[in-house]
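Working notes for the structure below.
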Amino acid sequence: MRRLVAWRILTHEKGRSALAIAGIFVAVLMILLQLGFYASVPAGGMQVYDKMSFDILLTSSAYNFEAQSFDFPRRRLYQAASVPGVVAVAPLYQGIAPWLNGPGGRRDVYVMGFNLDDHVFNVPDIEARRDILARPDMVLVDRQTRPSFGPLTPGRHIEINDRDVTIAGLYTLGTGFVGLGAVTTSDLNFIRILPTRTLGEPNLGLVTLRPGADPDRVAAALRALLPADTRVFTRDALAKHEMAHWVTTTSTGLIFGFGTIISIVVGTVILYQTLATQIIHHLPQYATLKAIGYHDRYLGGIVMVLVLIMAMVAFVPAVVAAFGVYRLVRDMTLLPIAMTAERLVGVLALTVAMSLGSALLSIRKVSRADPVDLF
Amino acid sequence: MGPARDLAWTAAALLAWRNLMADKPRLARSASGIAFAVLLMLIELGFNHAFVEASVDLIRQFDADLVIVSTARYQFSARAPFSRRELYEARSVAGVASARPIYADWNNAMWKSPADQSTHLLQVFAFDPDEPVFRMPEVAAHLAELRQPDTLLTDRRARAFVGRGAAGVDSEFARVAVHVVGTFALGPNFATDGTLIMSDRNYLKLLGAEDAPGGLPDPDFGVVKVAPGYDIGAVRTALRAALPGNVDVLTLPELIGREITFQKELSNIAPIFGVGVAVGFIVGMLISYQILYTAVSDQLPQYATLKAIGYGDGFLRLTVLQQAAFCGLLSYGPAWLVAVGLYWALGRLMLLPMRMTVGLALTSMALCIGMCMLSALIAVRRVIRADPAELF
């Protein structure tokens with residue numbers, strides 16, 4: 001019955017309801033977009049790490065962020081392998097080298113090299129092509145590599161650091177903040193391309209733990225064992241470090257998410273005002289219901305149902321639109337802007353809370369509504 | 001028709017102004033609401049602009065009419081050296097007053113923070129102190145000190161975590177002890193967290209060995225000054241004819257334009273700020289609509305009276321539109337002033353070159369007036385519907 005009354009009120013003046021729902025839609029969409037931009041910056045810093053297989057990461061003590069990781073002695077990995085709980089260690093080599101695709105087509109490309117016997121990337125396209133990478137001067141290219149690198153056709157010859165290499169295939173990982181293009185190859189091909197580097201000095205050490213081992217405890221043991229030239233990150237610590245670097249240290253995240261707080265405040269105000277106006281507009285009808293004997297509690301129920309219906313009718317398309325804009329911005333900026341379950345639930349909770357809040361505030365007006373006053 | 005139309009326009013403007021001024025406290029409230037939305041747009045626009053500007057700020061400091069670069073150069077912040085003999089060649093071209101080298105490196109410039117001994121890759125620029133190439137007065141003031149071994153200038157607007165250094169501070173560069181003799185103000189960008197400037201001799205000693213054992217390394221930029229009385233375009237054509245095909249001769253604005261194009265490829269961040277501007281626009285429209293709607297509703301009897309005595313819909317529409325435009329302009333002023341202050345504060349805090357340019361001011365003003373007019377067009381429908389008979 002309450003739902004029916006609420007529905008009738010909603011559909012009585014369709015234009016007005018549509019306008020109110022549009023207001024809520026804008027508010028929710030705005031909040032979702034700004035939160036997405038804000039989160040995309042640390043996500044960009046973590047994009048490559050998210051597809052790497054490790055529980056603990058070893059780096060040089062000079063480590064700043066992924067593309068500026070510096071190198072450290074490989075023997076630290078062997079030392080790490082002796083710590084209880086560690087089942088595997090794998091070195092990863094990274095470097096930047098000029099990629100040449102015809103006259104004038106010089107671009108710096110990010111090169112990653114790994115030992116083909118190790119499991120390093122959780123990327124099927126890389127895993128499936130280990131046998132090709134075992135051949136000399138073969139590289140796999142990230143699909144996000146920008147068009148200015150020329151066509152990424154498998155079989156095509158290019159020059160990286162003046163060495164003739166062949167594109168053996170493509171993979172999907174993302175270039176995050178490491179550069180405009182990325183290639184992955186074997187460790188041996190890596191030092192063929194970058195002959196000044198040595199396999200004795202990797203940039204990252206990927207440590208895999210026995211299932212059930214506590215990463216924090218093993219990390220503490222590693223810190224106690226390894227000298228000061230090596231830094232030990234658990235996955236959580238690494239995520240915090242990259243987050244701090246991209247959001248606060250470089251303020252990039254703050255700038256991208258500048259509108260986040262504003263959008264939450266403004267969105268909340270719009271939400272409240274739209275709903276409150278809608279309720280007050282129908283005050284005479286509520287007063288009439290009161291006059292013919294309905295209780296305040298019953299009227300309150302109607303208002304609650306009404307705002308919840310409106311909020312939900314606006315929320316669903318707002319989420320759909322947010323997915324659309326995320327996709328559009330992702331294609332245009334190549335930033336990993338993605339919806340997370342936490343964000344959806346958080347914004348949903350905020351919407352419901354604001355709807356009920358504005359309902360509760362307006363209900364007081366309804367309960368004060370005196371039928372005699374109104375007509 | 002012309003004068004009558006002008007008269008109607010003026011009458012509508014007068015009425016719009018009176019309507020607006022009728023309730024000053026409400027005007028203040030409305031204007032501050034709209035100003036908030038305008039401020040939001042101004043800041044998003046400012047960020048977008050500053051991101052691009054930050055990447056070309058150093059190029060603007062080149063004291064050059066023309067710049068010689070390798071044809072392999074596709075971005076400012078990556079090495080693409082060319083043979084220094086092209087510079088000797090360039091000096092022989094008529095109209096060239098000077099052709100000076102700038103050396104640069106982005107991959108090996110390891111700077112140790114004097115504050116906490118952490119290591120950071122910065123960008124380093126080097127030049128011959130006898131042949132200055134930068135416009136920055138702080139650089140010109142320290143030429144004598146830069147001639148001393150193992151000295152450099154640091155960027156006092158570099159990101160704090162790299163350790164900015166100050167005159168008199170000792171630190172390490174490329175694993176060698178160096179002495180900071182002064183600072184200049186530049187700021188970080190997407191490519192780098194800070195900049196160092198030193199003499200060509202120190203550059204050779206600290207970084208050059210790998211590139212060119214025994215001699216000066218190849219320059220990354222050739223800074224050309226055109227002699228008085230010569231046309232820059234003509235000298236450029238002559239230079240292009242005289243130099244081989246592996247170098248190109250660009251004007252400073254061209255080099256800046258290329259870098260801006262590259263930055264857009266690297267990180268097309270415009271959509272992110274575009275969404276921010278759109279949000280400001282929509283919020284502004286909602287606020288402005290609500291204000292105009294209330295104002296129009298309150299004055300409905302007056303509008304109806306005007307209609308009853310024979311004014312047409314066009315006049316009423318004009319009045320409301322002008323009222324919206326006045327309201328937008330009144331809100332724009334304070335928003336602009338606050339934005340200038342915020343640009344200054346945010347620029348200092350986030351180390352971005354936030355500058356209020358004429359372009360930014362005009363764009364935001366157009367957006368402000370546009371959003372007010374759009375909401376007026378919606379709000380005015382209520383006036384048009386007003387029936388004098390119903391109202392009294």
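Each chain in the structure tokens gets a letter, A, B, ..., in the order shown, and its residues are numbered from 1; ligands are numbered from 1 in order too.
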Handout entry: Long-range neighbours of segment 36-44 of chain B as a ChimeraX atom specification, 6 Å cut-off, only C-alpha atoms, 6 positions minimum in chain
Key = /B:273,276-277,280,284,335
Practice task
With a distance threshold of 7 Å and counting only C-alpha atoms, extract the residues of chain B near chain A and express them as a PyMOL selection string.
Solution key: chain B and resi 71-72+118-119+266-269+271-272+276+279+350
Problem - Distance in Å - atom CA of Leu238 of chain A versus atom CA of Val218 of chain A - result: 15.1 Å
Could you give me, as a JSON list (two decimals) with C-alpha atoms, in the first residue's frame, the residues within 10 Å of Pro149 of chain B, counting only C-alpha atoms and dropping anything in the same chain fewer than 2 positions from it?
```json
[["chain", "number", "residue", "atom", "x", "y", "z"],
["B", 145, "GLU", "CA", 81.11, 30.04, -9.66],
["B", 146, "LEU", "CA", 79.98, 27.55, -12.30],
["B", 147, "ARG", "CA", 83.46, 27.68, -13.82],
["B", 151, "THR", "CA", 79.87, 22.94, -8.92],
["B", 152, "LEU", "CA", 76.23, 23.16, -9.98],
["B", 178, "VAL", "CA", 79.74, 18.45, -5.69],
["B", 179, "HIS", "CA", 79.15, 21.94, -4.35],
["B", 198, "MET", "CA", 76.24, 23.02, -14.60],
["B", 199, "SER", "CA", 79.14, 23.99, -16.84],
["B", 201, "ARG", "CA", 83.42, 21.02, -18.29],
["B", 202, "ASN", "CA", 81.84, 19.67, -15.13],
["B", 203, "TYR", "CA", 79.29, 17.83, -17.23],
["B", 205, "LYS", "CA", 83.91, 15.26, -16.10]]
```
Exercise for the section: Name all residues at most 10 Å from Gly333 of chain B (count only C-alpha atoms; drop same-chain ones fewer than 3 positions away) and give them as a list in words. Expected result: Ala31, Ala35, Val38, Gly328, Leu329, Leu330, Trp336, Leu337, Val338, Ala339 and Met365 of chain B
Problem - Non-local contacts of segment 297-306 of chain B (12 Å; only C-alpha atoms; under 3 positions in same chain excluded) as a PyMOL selection string - result: chain B and resi 12+15-16+18-20+22-23+26+289-294+309-317+319-320+379-392
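For the pair atom CA of Pro129 of chain B and atom CA of Val223 of chain B, the interatomic distance is 13.9 Å.
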Would you mind listing what lies within 12 Å of segment 353-367 of chain A as a short mmCIF file (atom, residue, chain, number, x, y, z; two decimals) with N, CA and C atoms, in the first residue's frame, with only C-alpha atoms counted and same-chain residues fewer than 6 positions away left out?
```
data_model
loop_
_atom_site.label_atom_id
_atom_site.label_comp_id
_atom_site.auth_asym_id
_atom_site.auth_seq_id
_atom_site.Cartn_x
_atom_site.Cartn_y
_atom_site.Cartn_z
N ILE A 21 15.11 13.06 -10.41
CA ILE A 21 15.94 11.87 -10.60
C ILE A 21 17.20 12.24 -11.38
N ILE A 24 19.70 13.69 -8.98
CA ILE A 24 20.38 12.66 -8.19
C ILE A 24 21.39 11.91 -9.07
N ALA A 27 24.51 13.90 -9.39
CA ALA A 27 25.28 13.87 -8.15
C ALA A 27 26.05 12.56 -8.01
N VAL A 28 25.36 11.44 -8.24
CA VAL A 28 26.00 10.13 -8.06
C VAL A 28 27.10 9.93 -9.10
N ILE A 264 31.79 15.16 -3.57
CA ILE A 264 31.04 14.47 -2.51
C ILE A 264 30.15 15.48 -1.78
N VAL A 265 30.71 16.64 -1.45
CA VAL A 265 29.93 17.65 -0.72
C VAL A 265 28.78 18.16 -1.60
N GLY A 267 27.55 16.86 -4.34
CA GLY A 267 26.65 15.76 -4.68
C GLY A 267 25.67 15.51 -3.55
N THR A 268 26.17 15.53 -2.32
CA THR A 268 25.32 15.27 -1.17
C THR A 268 24.27 16.38 -1.03
N VAL A 269 24.72 17.63 -1.24
CA VAL A 269 23.78 18.75 -1.12
C VAL A 269 22.69 18.65 -2.19
N ILE A 270 23.11 18.35 -3.43
CA ILE A 270 22.13 18.23 -4.52
C ILE A 270 21.11 17.14 -4.18
N LEU A 271 21.66 16.01 -3.71
CA LEU A 271 20.81 14.87 -3.36
C LEU A 271 19.76 15.29 -2.35
N TYR A 272 20.23 15.96 -1.27
CA TYR A 272 19.32 16.35 -0.20
C TYR A 272 18.29 17.34 -0.71
N GLN A 273 18.78 18.34 -1.45
CA GLN A 273 17.86 19.40 -1.86
C GLN A 273 16.79 18.89 -2.80
N THR A 274 17.22 18.03 -3.72
CA THR A 274 16.27 17.49 -4.68
C THR A 274 15.18 16.72 -3.96
N LEU A 275 15.58 15.86 -3.04
CA LEU A 275 14.61 15.02 -2.35
C LEU A 275 13.72 15.85 -1.45
N ALA A 276 14.34 16.80 -0.74
CA ALA A 276 13.57 17.62 0.20
C ALA A 276 12.52 18.45 -0.56
N THR A 277 12.93 19.03 -1.70
CA THR A 277 11.99 19.84 -2.49
C THR A 277 10.82 18.97 -2.93
N GLN A 278 11.16 17.76 -3.36
CA GLN A 278 10.15 16.84 -3.85
C GLN A 278 9.12 16.54 -2.75
N ILE A 279 9.59 16.34 -1.54
CA ILE A 279 8.70 15.99 -0.43
C ILE A 279 7.83 17.19 -0.07
N ILE A 280 8.46 18.37 0.03
CA ILE A 280 7.72 19.55 0.47
C ILE A 280 6.66 19.94 -0.57
N HIS A 281 6.99 19.67 -1.83
CA HIS A 281 6.05 19.96 -2.89
C HIS A 281 4.72 19.23 -2.68
N HIS A 282 4.82 18.05 -2.09
CA HIS A 282 3.61 17.24 -1.92
C HIS A 282 2.99 17.38 -0.54
N LEU A 283 3.42 18.41 0.20
CA LEU A 283 2.93 18.59 1.56
C LEU A 283 1.39 18.60 1.65
N PRO A 284 0.71 19.31 0.74
CA PRO A 284 -0.76 19.31 0.84
C PRO A 284 -1.36 17.90 0.80
N GLN A 285 -0.80 17.06 -0.07
CA GLN A 285 -1.33 15.70 -0.17
C GLN A 285 -1.12 14.93 1.14
N TYR A 286 0.07 15.12 1.73
CA TYR A 286 0.33 14.43 3.01
C TYR A 286 -0.65 14.94 4.06
N ALA A 287 -0.87 16.28 4.05
CA ALA A 287 -1.77 16.86 5.04
C ALA A 287 -3.18 16.28 4.88
N THR A 288 -3.58 16.10 3.63
CA THR A 288 -4.88 15.51 3.38
C THR A 288 -4.95 14.10 3.95
N LEU A 289 -3.90 13.31 3.69
CA LEU A 289 -3.87 11.95 4.22
C LEU A 289 -4.01 11.98 5.74
N LYS A 290 -3.30 12.96 6.36
CA LYS A 290 -3.38 13.09 7.81
C LYS A 290 -4.82 13.42 8.23
N ALA A 291 -5.43 14.33 7.49
CA ALA A 291 -6.78 14.78 7.83
C ALA A 291 -7.76 13.62 7.78
N TYR A 294 -4.66 9.10 8.57
CA TYR A 294 -3.41 8.32 8.54
C TYR A 294 -2.42 8.87 9.56
N HIS A 295 -1.63 7.97 10.13
CA HIS A 295 -0.67 8.39 11.16
C HIS A 295 0.60 8.94 10.53
N ASP A 296 1.32 9.71 11.36
CA ASP A 296 2.63 10.24 10.94
C ASP A 296 3.56 9.11 10.50
N ARG A 297 3.52 8.02 11.27
CA ARG A 297 4.42 6.91 11.00
C ARG A 297 4.17 6.35 9.58
N TYR A 298 2.88 6.30 9.24
CA TYR A 298 2.51 5.80 7.92
C TYR A 298 3.03 6.73 6.83
N LEU A 299 2.85 8.05 7.07
CA LEU A 299 3.32 9.03 6.10
C LEU A 299 4.84 8.96 5.96
N GLY A 300 5.49 8.80 7.11
CA GLY A 300 6.96 8.66 7.10
C GLY A 300 7.38 7.50 6.22
N GLY A 301 6.64 6.41 6.34
CA GLY A 301 6.93 5.23 5.53
C GLY A 301 6.84 5.55 4.05
N ILE A 302 5.80 6.29 3.69
CA ILE A 302 5.63 6.65 2.28
C ILE A 302 6.83 7.45 1.78
N VAL A 303 7.22 8.46 2.61
CA VAL A 303 8.34 9.31 2.22
C VAL A 303 9.61 8.49 2.04
N MET A 304 9.85 7.58 3.00
CA MET A 304 11.04 6.72 2.93
C MET A 304 11.04 5.92 1.63
N VAL A 305 9.92 5.28 1.36
CA VAL A 305 9.83 4.46 0.15
C VAL A 305 10.05 5.32 -1.08
N LEU A 306 9.44 6.53 -1.05
CA LEU A 306 9.54 7.43 -2.20
C LEU A 306 11.00 7.79 -2.48
N VAL A 307 11.72 8.23 -1.45
CA VAL A 307 13.10 8.66 -1.71
C VAL A 307 13.97 7.47 -2.12
N LEU A 308 13.70 6.32 -1.53
CA LEU A 308 14.53 5.16 -1.89
C LEU A 308 14.30 4.78 -3.35
N ILE A 309 13.03 4.81 -3.78
CA ILE A 309 12.75 4.49 -5.19
C ILE A 309 13.48 5.48 -6.09
N MET A 310 13.38 6.79 -5.75
CA MET A 310 14.02 7.80 -6.59
C MET A 310 15.53 7.61 -6.63
N ALA A 311 16.10 7.36 -5.45
CA ALA A 311 17.55 7.21 -5.39
C ALA A 311 18.00 6.02 -6.23
N MET A 312 17.25 4.91 -6.13
CA MET A 312 17.67 3.71 -6.85
C MET A 312 17.47 3.87 -8.36
N ALA A 314 17.80 6.53 -9.94
CA ALA A 314 18.89 7.35 -10.44
C ALA A 314 20.23 6.63 -10.34
N PHE A 315 20.39 5.80 -9.30
CA PHE A 315 21.69 5.18 -9.04
C PHE A 315 22.11 4.23 -10.16
N VAL A 345 29.90 0.05 -3.51
CA VAL A 345 29.18 -0.13 -2.25
C VAL A 345 29.22 1.16 -1.44
N GLY A 346 30.38 1.82 -1.44
CA GLY A 346 30.54 3.06 -0.68
C GLY A 346 29.60 4.14 -1.18
N VAL A 347 29.56 4.32 -2.50
CA VAL A 347 28.70 5.38 -3.05
C VAL A 347 27.23 5.01 -2.87
N LEU A 374 -3.18 24.34 5.48
CA LEU A 374 -2.77 24.20 4.10
C LEU A 374 -3.81 24.61 3.09
#
```
Exercise for the section: Identify, on the basis of only C-alpha atoms, every residue whose closest approach to Asp142 of chain A does not exceed 12 Å; exclude the query and any residue fewer than 5 positions from it along the same chain; express the result as a PyMOL selection string. Expected result: chain A and resi 48+109-112+123+125-126+147+149+152-154+167-176+178-185
Problem - Straight-line distance linking atom CA of Val249 of chain B with atom CA of Pro132 of chain B, stated in Å to one decimal - result: 19.6 Å
Exercise for the section: Run DSSP on the backbone and give me the residues of segment 110-242 of chain A it puts in strand (DSSP E), as an NGL selection string. Expected result: :A and (110-114 or 138-142 or 157-160 or 163-171 or 182-186 or 204-209 or 230-234)
Can those selected residues be exported to a file as a short mmCIF file (atom, residue, chain, number, x, y, z; two decimals), in the first residue's frame so that it contains N, CA, C and O atoms?
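And here's part_13.cif as it stands now:
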```cif
data_model
loop_
_atom_site.label_atom_id
_atom_site.label_comp_id
_atom_site.auth_asym_id
_atom_site.auth_seq_id
_atom_site.Cartn_x
_atom_site.Cartn_y
_atom_site.Cartn_z
N TYR A 110 60.34 0.77 -22.68
CA TYR A 110 60.67 0.15 -21.40
C TYR A 110 60.88 -1.34 -21.63
O TYR A 110 60.00 -2.01 -22.17
N VAL A 111 62.06 -1.86 -21.29
CA VAL A 111 62.38 -3.26 -21.56
C VAL A 111 62.43 -4.03 -20.25
O VAL A 111 63.09 -3.62 -19.30
N MET A 112 61.71 -5.15 -20.19
CA MET A 112 61.75 -6.00 -19.01
C MET A 112 62.28 -7.37 -19.41
O MET A 112 61.89 -7.91 -20.44
N GLY A 113 63.21 -7.92 -18.62
CA GLY A 113 63.76 -9.23 -18.92
C GLY A 113 63.63 -10.15 -17.72
O GLY A 113 63.85 -9.72 -16.59
N PHE A 114 63.26 -11.41 -17.97
CA PHE A 114 63.16 -12.36 -16.86
C PHE A 114 63.72 -13.71 -17.28
O PHE A 114 63.80 -14.03 -18.47
N MET A 138 64.27 -11.99 -29.62
CA MET A 138 62.81 -12.01 -29.76
C MET A 138 62.22 -11.22 -28.59
O MET A 138 62.66 -11.38 -27.45
N VAL A 139 61.26 -10.36 -28.86
CA VAL A 139 60.60 -9.63 -27.78
C VAL A 139 59.08 -9.72 -27.95
O VAL A 139 58.58 -9.88 -29.06
N LEU A 140 58.39 -9.63 -26.81
CA LEU A 140 56.94 -9.50 -26.83
C LEU A 140 56.61 -8.04 -26.51
O LEU A 140 57.28 -7.42 -25.68
N VAL A 141 55.60 -7.50 -27.17
CA VAL A 141 55.29 -6.07 -27.02
C VAL A 141 53.93 -5.90 -26.36
O VAL A 141 52.98 -6.63 -26.67
N ASP A 142 53.86 -4.94 -25.44
CA ASP A 142 52.59 -4.64 -24.78
C ASP A 142 51.61 -4.00 -25.76
O ASP A 142 52.00 -3.11 -26.53
N HIS A 157 60.58 -6.60 -37.86
CA HIS A 157 61.90 -6.30 -37.30
C HIS A 157 61.96 -4.85 -36.87
O HIS A 157 61.52 -3.97 -37.60
N ILE A 158 62.50 -4.62 -35.69
CA ILE A 158 62.73 -3.25 -35.23
C ILE A 158 64.12 -3.22 -34.62
O ILE A 158 64.75 -4.26 -34.46
N GLU A 159 64.58 -2.01 -34.31
CA GLU A 159 65.86 -1.90 -33.62
C GLU A 159 65.60 -1.37 -32.23
O GLU A 159 64.93 -0.37 -32.04
N ILE A 160 66.12 -2.09 -31.22
CA ILE A 160 66.10 -1.55 -29.87
C ILE A 160 67.55 -1.40 -29.45
O ILE A 160 68.31 -2.38 -29.46
N ARG A 163 70.04 -2.75 -31.86
CA ARG A 163 70.10 -4.19 -32.09
C ARG A 163 68.83 -4.62 -32.82
O ARG A 163 67.73 -4.22 -32.45
N ASP A 164 69.03 -5.43 -33.85
CA ASP A 164 67.90 -5.92 -34.65
C ASP A 164 67.13 -6.97 -33.84
O ASP A 164 67.66 -8.03 -33.52
N VAL A 165 65.90 -6.64 -33.47
CA VAL A 165 65.08 -7.62 -32.75
C VAL A 165 63.76 -7.82 -33.49
O VAL A 165 63.35 -6.99 -34.30
N THR A 166 63.12 -8.95 -33.20
CA THR A 166 61.88 -9.29 -33.88
C THR A 166 60.73 -9.27 -32.88
O THR A 166 60.86 -9.77 -31.76
N ILE A 167 59.60 -8.69 -33.30
CA ILE A 167 58.40 -8.74 -32.46
C ILE A 167 57.83 -10.16 -32.58
O ILE A 167 57.42 -10.59 -33.65
N ALA A 168 57.84 -10.89 -31.45
CA ALA A 168 57.39 -12.28 -31.49
C ALA A 168 55.91 -12.39 -31.19
O ALA A 168 55.28 -13.41 -31.47
N GLY A 169 55.34 -11.35 -30.61
CA GLY A 169 53.92 -11.40 -30.29
C GLY A 169 53.54 -10.25 -29.39
O GLY A 169 54.38 -9.40 -29.06
N LEU A 170 52.26 -10.21 -29.02
CA LEU A 170 51.75 -9.12 -28.19
C LEU A 170 51.19 -9.70 -26.90
O LEU A 170 50.81 -10.87 -26.83
N TYR A 171 51.14 -8.87 -25.89
CA TYR A 171 50.50 -9.27 -24.63
C TYR A 171 49.77 -8.07 -24.05
O TYR A 171 50.01 -6.93 -24.44
N ALA A 182 56.20 -0.73 -23.88
CA ALA A 182 56.93 -1.69 -23.06
C ALA A 182 57.11 -2.98 -23.85
O ALA A 182 56.22 -3.39 -24.61
N VAL A 183 58.28 -3.60 -23.68
CA VAL A 183 58.50 -4.93 -24.25
C VAL A 183 59.01 -5.84 -23.14
O VAL A 183 59.61 -5.39 -22.17
N THR A 184 58.72 -7.13 -23.29
CA THR A 184 59.18 -8.13 -22.33
C THR A 184 59.94 -9.18 -23.10
O THR A 184 59.56 -9.56 -24.21
N THR A 185 61.04 -9.64 -22.49
CA THR A 185 61.85 -10.65 -23.17
C THR A 185 62.58 -11.48 -22.13
O THR A 185 62.37 -11.32 -20.92
N SER A 186 63.42 -12.40 -22.59
CA SER A 186 64.18 -13.22 -21.66
C SER A 186 65.33 -12.40 -21.08
O SER A 186 65.70 -11.37 -21.62
N LEU A 204 64.62 -5.81 -9.71
CA LEU A 204 63.63 -6.28 -8.75
C LEU A 204 63.91 -7.73 -8.42
O LEU A 204 64.37 -8.49 -9.28
N GLY A 205 63.63 -8.13 -7.19
CA GLY A 205 63.71 -9.53 -6.81
C GLY A 205 62.34 -9.98 -6.34
O GLY A 205 61.78 -9.42 -5.41
N LEU A 206 61.78 -10.98 -7.05
CA LEU A 206 60.43 -11.43 -6.73
C LEU A 206 60.51 -12.67 -5.85
O LEU A 206 61.02 -13.70 -6.28
N VAL A 207 60.01 -12.55 -4.64
CA VAL A 207 60.10 -13.63 -3.67
C VAL A 207 58.72 -14.27 -3.51
O VAL A 207 57.75 -13.56 -3.24
N THR A 208 58.65 -15.60 -3.71
CA THR A 208 57.39 -16.32 -3.51
C THR A 208 57.47 -17.09 -2.20
O THR A 208 58.50 -17.72 -1.92
N LEU A 209 56.40 -17.03 -1.43
CA LEU A 209 56.40 -17.71 -0.14
C LEU A 209 55.62 -19.01 -0.19
O LEU A 209 54.78 -19.21 -1.06
N THR A 230 69.63 -3.36 0.36
CA THR A 230 68.43 -3.98 -0.19
C THR A 230 67.22 -3.58 0.63
O THR A 230 67.29 -3.49 1.86
N ARG A 231 66.13 -3.32 -0.08
CA ARG A 231 64.90 -2.94 0.59
C ARG A 231 63.89 -4.07 0.42
O ARG A 231 63.84 -4.69 -0.64
N VAL A 232 63.10 -4.33 1.44
CA VAL A 232 62.15 -5.45 1.42
C VAL A 232 60.73 -4.89 1.53
O VAL A 232 60.41 -4.16 2.47
N PHE A 233 59.91 -5.20 0.52
CA PHE A 233 58.51 -4.75 0.52
C PHE A 233 57.58 -5.96 0.55
O PHE A 233 57.73 -6.85 -0.27
N THR A 234 56.61 -5.96 1.44
CA THR A 234 55.49 -6.90 1.24
C THR A 234 54.59 -6.24 0.20
O THR A 234 54.75 -5.07 -0.11
#
```
Practice task
Can you check which residues of segment 124-364 of chain A DSSP gives as helix (DSSP H, G or I) on the backbone and send them as a PyMOL selection string?
Solution key: chain A and resi 124-127+130-133+147-149+187-193+215-225+235-249+252-256+259-281+283-291+296-333+341-364
